[in-house]
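Let me begin by presenting the structure, written as structure tokens, before commenting on it.
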Amino acid sequence: MEKKRYERPVIASLNAGITNKFGTRNLNEPISHIDGASIKEITEQYGSPVFILSERKIRQLYRDAYRAFSTRYPKVQFAWSYKTNYLNAVCNVFHQEGSWAEVVSIFEYEKALANGVEGRHILFNGPEKTESDLRKAIEHESLIHIDHFDELYLLLEISESLKKRPRVAIRVNMDTGIYPMWDRFGFNYESGQAWDAINKIILTNKLDLVGLHCHIGTFMLSANAYAVAASKLADLALGIKLHHKQNIEYLDLGGGFASKNTLKGSFLPGADTIPSFDDYAEAICGTLLNAGFTRENLPMLILETGRALVDEAGFLASSVVANKRLSDGRKALVLDAGVNILFTSFWYEHKMTPVEPASHHTEASVVYGPLCMNIDVVRESVTLPPLRKNDLVLIHTVGAYNMTQWMQFIAMRPAVVMIDPEGKTHLLRRAEKTDDLNAMESMPEHLQSFSLA
Amino acid sequence: MKNELVIAVSGLNNTDNPGPGIPVIRALRDWKGKKVRIIGLSYDHLEPGLYLPNWVDKSYQVPYPSAGSDNLMLRLKYIHSVEGLDFIFPNFDAELFTYMKMAPELQSMGIHTFLPGLDQFEERHKYRLPEFGEKYQLAVPKSLSVNSLSEVPAALSQFEFPVVVKGKFYEAYIAYSMDQVHNYFHRIQAKWGLPVIFQQFIQGSEYNVVALGDGRGNTIGAVPMRKQYITDKGKAWAGITLDEPALIEMTRKLIAANQWRGGMELELIKDRNGQLYIVEINPRFPAWVYLAVAAGQNMPAAAVKLAFGEEVPPFEHYEVGKMFVRYSWDNIVNLSDFEKISTLGEL
Amino acid sequence: MNLRLKNNIAVSDSGFVFNPSTGDSFSINPVGIDIIQLLRASKSEHDIIEDLSERYDADTQTIEKDLYDFFTLLLQHQLAEKA
């Protein structure tokens with residue numbers, strides 16, 4: 001006789017919320033494949049945990065976003081935000097789709113150049129750019145987004161010594177009704193500081209002011225704030241035209257569009273509440289088209305969207321290390337993936353699904369990572385079917401920031417693979433090894449030996 | 001419209017802080033010349049309406065809105081395949097957003113709803129009341145959103161004590177001194193986050209209006225009520241309909257201005273000088289909606305008619321001095337019914 | 001550890017359990033139902049593990065670990081007592 005599929009015995013109190021299959025139906029529907037590739041086979045080949053990226057999903061997100069903007073505005077250019085995910089293969093998917101590069105350090109700048117992006121298609125943002133960084137960017141004719149007066153004066157000096165006119169934009173911060181206001185980056189609009197910077201650039205006549213840039217916040221749940229930002233940038237551009245008879249070539253509205261993740265403490269899931277690309281596009285494009293530019297002077301619209309274009313394309317497959325029962329009776333699950341590689345679990349309630357078939361019986365569990373640290377909590381409470389040791393769990397919407405903010409702490413960083421549109425798997429970054437890390441260290445002579453009793 | 005309608009209703013929590021489900025069902029059952037089959041949608045297996053077979057013909061458990069609209073939609077599709085729903089009446093504040101988002105898809109399946117648009121729904125939030133008042137030229141108590149402790153002194157200088165200190169969504173305290181304001185600010189910030197709202201306290205009497213807008217600026221029904229007795233949860237235990245044209249006037253003005261579609265409840269305060277202020281706009285019928293039906297305005301039935309595109313002339317009269325006194329009743333139920341709803345999700 | 005199921009505990013086919021002495025009710029999955037029924041038949045821990053491993057595709061170690069956890073919950077919910 002064939003044996004029945006075993007599932008850990010579960011007993012759930014009916015006084016404490018819904019446990020029947022209808023209340024929580026499909027929340028935990030197992031997902032065994034991504035774009036036709038078996039998650040189990042991927043972990044067998046590349047180890048567990050493992051980050052999995054869907055190339056098809058990245059391209060689909062990009063095309064959705066591009067369509068939303070390009071059907072509303074004639075000149076639209078996306079620039080891939082390297083810090084969101086700078087695995088070279090990910091960057092190149094975006095470059096193949098037509099994205100420029102948006103970088104915030106010389107490390108990212110060099111990555112973009114090495115990926116084959118021409119200097120004039122790189123936007124160089126960020127508060128720290130050293131003199132040598134700036135020289136390099138000027139030589140490659142990149143677009144330098146000035147963050148503060150110290151940088152502006154340094155650029156004036158360099159341009160003189162290089163006898164070149166750097167192409168620059170200024171970053172502007174402003175009140176868009178959003179709290180907190182990101183006034184630490186760029187020049188303030190309301191106080192007139194932005195105008196001071198613009199006047200300085202134009203009157204010294206050593207830099208070409210070609211753009212205006214702003215980036216009003218992150219995970220913005222209000223599309224309307226972008227309308228306010230767009231109208232303030234447009235107002236500056238039109239003012240420059242009026243007072244200095246100069247056209248601004250582009251307005252860069254930055255990034256900050258939310259992804260379909262659920263922020264901690266929010267009642268409704270992110271997928272139901274975040275604005276769509278169409279909502280953001282309507283707010284921005286509608287404002288720019290009505291701002292008062294003539295048809296031929298309409299500036300190019302640049303977007304540096306990162307999170308919303310890659311988050312949903314990323315998954316983290318992880319295995320159950322142990323099942324535990326806490327002293328207060330709560331169920332706890334220990335996974336082999338923790339906050340060291342899933343930084344975003346500090347602010348998101350990441351969706352989790354089992355990989356193997358499961359019944360409708362579920363238990364609320366705390367999900368811990370493998371670190372010997374109390375802060376290593378991946379989810380404070382998530383409803384999952386009973387899982388056994390070594391069962392796989394798929395963590396969703398992890399494509400943004402995790403593969404850049406992850407840290408080598410206690411454990412190694414795992415492999416990252418990408419599934420191509422044909423369902424074939426490619427290794428993008430191999431798992432780290434102890435030797436990789438030891439290779440960077442050196443041992444002083446007198447510490448090389450010891451003997452333990 | 002068919003002679004027999006299948007209408008799904010949520011909010012069957014007829015507890016001491018009652019949801020509007022059962023009162024709405026009662027209104028629909030009063031609909032003359034129309035047969036209705038009522039499908040209850042429940043979130044919890046102890047919602048009293050589940051165990052009232054005279055009011056609810058069949059019940060289904062549905063996933064919480066927090067589980068996402070995909071899950072709720074899947075469940076509704078199943079229920080629709082069994083029951084053939086014509087209309088859904090969502091009655092919980094927390095589920096309205098999700099239903100508004102799903103409304104076009106539901107409509108394409110032949111399921112009608114009659115809900116406000118997302119913009120109308122969003123702009124009437126408590127913390128957006130000052131903007132709302134300004135936009136539609138309606139009197140609202142002066143209020144300010146405060147985003148940090150350092151803004152408190154400057155904000156307070158614009159108010160006179162006592163000041164109401166409110167959370168973004170819930171909770172409010174009346175503060176009589178700076179110390180109390182600080183205390184409540186911290187308490188609310190810890191629980192509901194920022195901003196914390198300061199609102200001018202208005203001494204006066206509170207009134208409520210239940211109303212129905214047709215989505216084109218017309219007020220189809222409006223009945224004002226004064227609570228005669230309030231429970232410790234702030235809910236009406238008894239109330240009486242009023243003859244007070246100013247309250248209806250204010251309601252009409254609001255509905256005309258923002259083209260409200262669907263049921264609503266307005267909370268208003270009249271100060272000592274007779275000035276009326278809007279304090280809160282609830283985006284659905286209240287639990288006392290049946291008082292309006294008894295007084296002559298069956299707004300829930302009218303809402304269904306409007307959803308089917310029927311011309312509904314505005315109600316012109318209602319009986320003044322109609323009263324309700326709420327009562328509780330220990331319904332005796334079978335354990336097997338509890339077992340059915342909690343293991344099969346249907347009853 | 002051997003457990004004795006309280007004698008007024010009943011479990012239905014749908015996995016609904018009502019504890020008449022505390023008023024609590026529970027939902028149990030199929031493996032859990034089997035365990036309750038084996039306990040009702042006064043089977044020992046050892047017998048239960050053996051019985052389950054014959055019927056289900058799991059090794060005895062896994063079943064043993066899970067059984068301990070399930071027993072803890074039955075005790076916590078006052079559905080059973082130590083024999």
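In the structure tokens, each chain is lettered A, B, ... as it comes, each chain's residues begin at 1, and ligands are numbered from 1 in order of appearance.
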Show me which bits of chain C are within 12 Å of chain B, counting only C-alpha atoms, as a compact mmCIF listing (two decimals) with N, CA, C and O atoms, in the first residue's frame.
```
# COMPACT_ATOMS: atom_id res chain seq x y z
N VAL C 11 -13.53 14.02 18.44
CA VAL C 11 -13.03 14.68 17.24
C VAL C 11 -13.90 14.25 16.05
O VAL C 11 -14.23 13.08 15.89
N SER C 12 -14.30 15.23 15.23
CA SER C 12 -15.13 14.92 14.07
C SER C 12 -14.26 14.67 12.85
O SER C 12 -13.06 14.96 12.87
N ASP C 13 -14.87 14.14 11.79
CA ASP C 13 -14.10 13.84 10.57
C ASP C 13 -13.46 15.09 9.98
O ASP C 13 -12.42 15.03 9.34
N SER C 14 -14.10 16.23 10.20
CA SER C 14 -13.55 17.46 9.62
C SER C 14 -12.40 18.00 10.46
O SER C 14 -11.79 19.01 10.11
N GLY C 15 -12.10 17.34 11.58
CA GLY C 15 -10.99 17.78 12.40
C GLY C 15 -11.39 18.79 13.45
O GLY C 15 -10.57 19.54 13.97
N PHE C 16 -12.67 18.84 13.77
CA PHE C 16 -13.16 19.77 14.78
C PHE C 16 -13.13 19.08 16.14
O PHE C 16 -13.66 17.97 16.30
N VAL C 17 -12.50 19.74 17.10
CA VAL C 17 -12.41 19.17 18.43
C VAL C 17 -13.00 20.14 19.43
O VAL C 17 -12.70 21.33 19.41
N PHE C 18 -13.86 19.63 20.31
CA PHE C 18 -14.44 20.47 21.34
C PHE C 18 -14.06 19.90 22.69
O PHE C 18 -14.16 18.69 22.90
N ASN C 19 -13.58 20.75 23.55
CA ASN C 19 -13.23 20.32 24.89
C ASN C 19 -14.33 20.76 25.85
O ASN C 19 -14.40 21.92 26.23
N PRO C 20 -15.21 19.82 26.26
CA PRO C 20 -16.38 20.20 27.07
C PRO C 20 -16.00 20.71 28.45
O PRO C 20 -16.77 21.42 29.07
N GLY C 23 -14.46 24.42 27.30
CA GLY C 23 -15.22 25.24 26.36
C GLY C 23 -14.43 25.64 25.13
O GLY C 23 -14.93 26.36 24.27
N ASP C 24 -13.18 25.19 25.04
CA ASP C 24 -12.37 25.55 23.87
C ASP C 24 -12.66 24.62 22.70
O ASP C 24 -12.96 23.45 22.89
N SER C 25 -12.52 25.17 21.50
CA SER C 25 -12.62 24.29 20.33
C SER C 25 -11.39 24.48 19.46
O SER C 25 -10.74 25.52 19.48
N PHE C 26 -11.10 23.44 18.67
CA PHE C 26 -9.85 23.41 17.91
C PHE C 26 -10.08 22.82 16.53
O PHE C 26 -11.06 22.11 16.30
N SER C 27 -9.12 23.08 15.67
CA SER C 27 -9.12 22.45 14.37
C SER C 27 -7.82 21.65 14.25
O SER C 27 -6.76 22.14 14.62
N ILE C 28 -7.93 20.42 13.76
CA ILE C 28 -6.78 19.52 13.72
C ILE C 28 -6.62 18.97 12.31
O ILE C 28 -7.61 18.72 11.61
N ASN C 29 -5.38 18.79 11.87
CA ASN C 29 -5.15 18.24 10.53
C ASN C 29 -5.18 16.71 10.57
O ASN C 29 -5.22 16.10 11.66
```
Can you check which residues of chain B have any atom within 10 Å of chain A? Use only C-alpha atoms and format it as a ChimeraX atom specification. /B:42-46,60-72,74-75,94-95,97-98,101-102,147-148,192-195,339,341-346
Tell me the residues of chain A close to chain C, meaning within 9 Å using only C-alpha atoms, as a ChimeraX atom specification. /A:1-15,19-20,324-325,329,359-362,388-389
Residues at most 12 Å from Lys241 of chain A, counting only C-alpha atoms, excluding those fewer than 4 positions away in the same chain, as a PyMOL selection string? chain A and resi 198+202+209-210+234-237+245-249+292-294+297-299
Can you list, as a ChimeraX atom specification, every protein, DNA or RNA residue that comes within 8 Å of Asp271 of chain B when you count only C-alpha atoms, leaving out same-chain residues fewer than 3 positions away? /B:202-205,274-276
Let me see the file: selected residues, N, CA and C atoms, as a PDB file, in the first residue's frame.
```pdb
ATOM      1  N   ILE B 202     -14.460  71.735  20.415  1.00  0.00           N
ATOM      2  CA  ILE B 202     -15.649  72.579  20.280  1.00  0.00           C
ATOM      3  C   ILE B 202     -16.701  72.130  21.275  1.00  0.00           C
ATOM      4  N   GLN B 203     -17.093  73.053  22.131  1.00  0.00           N
ATOM      5  CA  GLN B 203     -18.129  72.771  23.110  1.00  0.00           C
ATOM      6  C   GLN B 203     -19.462  72.856  22.387  1.00  0.00           C
ATOM      7  N   GLY B 204     -20.262  71.837  22.480  1.00  0.00           N
ATOM      8  CA  GLY B 204     -21.553  71.900  21.798  1.00  0.00           C
ATOM      9  C   GLY B 204     -22.217  70.555  21.780  1.00  0.00           C
ATOM     10  N   SER B 205     -23.235  70.404  20.922  1.00  0.00           N
ATOM     11  CA  SER B 205     -23.931  69.113  20.869  1.00  0.00           C
ATOM     12  C   SER B 205     -23.601  68.401  19.561  1.00  0.00           C
ATOM     13  N   GLY B 274     -24.475  78.238  17.373  1.00  0.00           N
ATOM     14  CA  GLY B 274     -25.287  77.642  16.323  1.00  0.00           C
ATOM     15  C   GLY B 274     -24.502  77.299  15.073  1.00  0.00           C
ATOM     16  N   GLN B 275     -23.176  77.476  15.102  1.00  0.00           N
ATOM     17  CA  GLN B 275     -22.353  77.140  13.935  1.00  0.00           C
ATOM     18  C   GLN B 275     -22.130  75.626  13.888  1.00  0.00           C
ATOM     19  N   LEU B 276     -22.365  75.032  12.698  1.00  0.00           N
ATOM     20  CA  LEU B 276     -22.193  73.587  12.537  1.00  0.00           C
ATOM     21  C   LEU B 276     -20.814  73.269  11.976  1.00  0.00           C
TER      22      LEU B 276
END
```
What's the 9 Å shell around Glu356 of chain A, counting only C-alpha atoms, without same-chain residues fewer than 2 positions away, as a list in words?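 That gives Pro30, Ile31, Ser32, Lys40, Pro354, Ala358, Asp391, Leu392 and Val393 of chain A.
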Run DSSP on the backbone of this structure and report the residues of segment 68-316 of chain A it assigns to strand (DSSP E or B), as an MDAnalysis selection string. chainID A and resid 76:81 100:103 122:124 143:146 167:173 187:188 208:213 220 250:252 257 263 300:303 314:316
Show which residues sit within 10 Å of Asp196 of chain A, as a PyMOL selection string. Count only C-alpha atoms, and ignore same-chain residues fewer than 6 positions away. chain A and resi 149+187-189
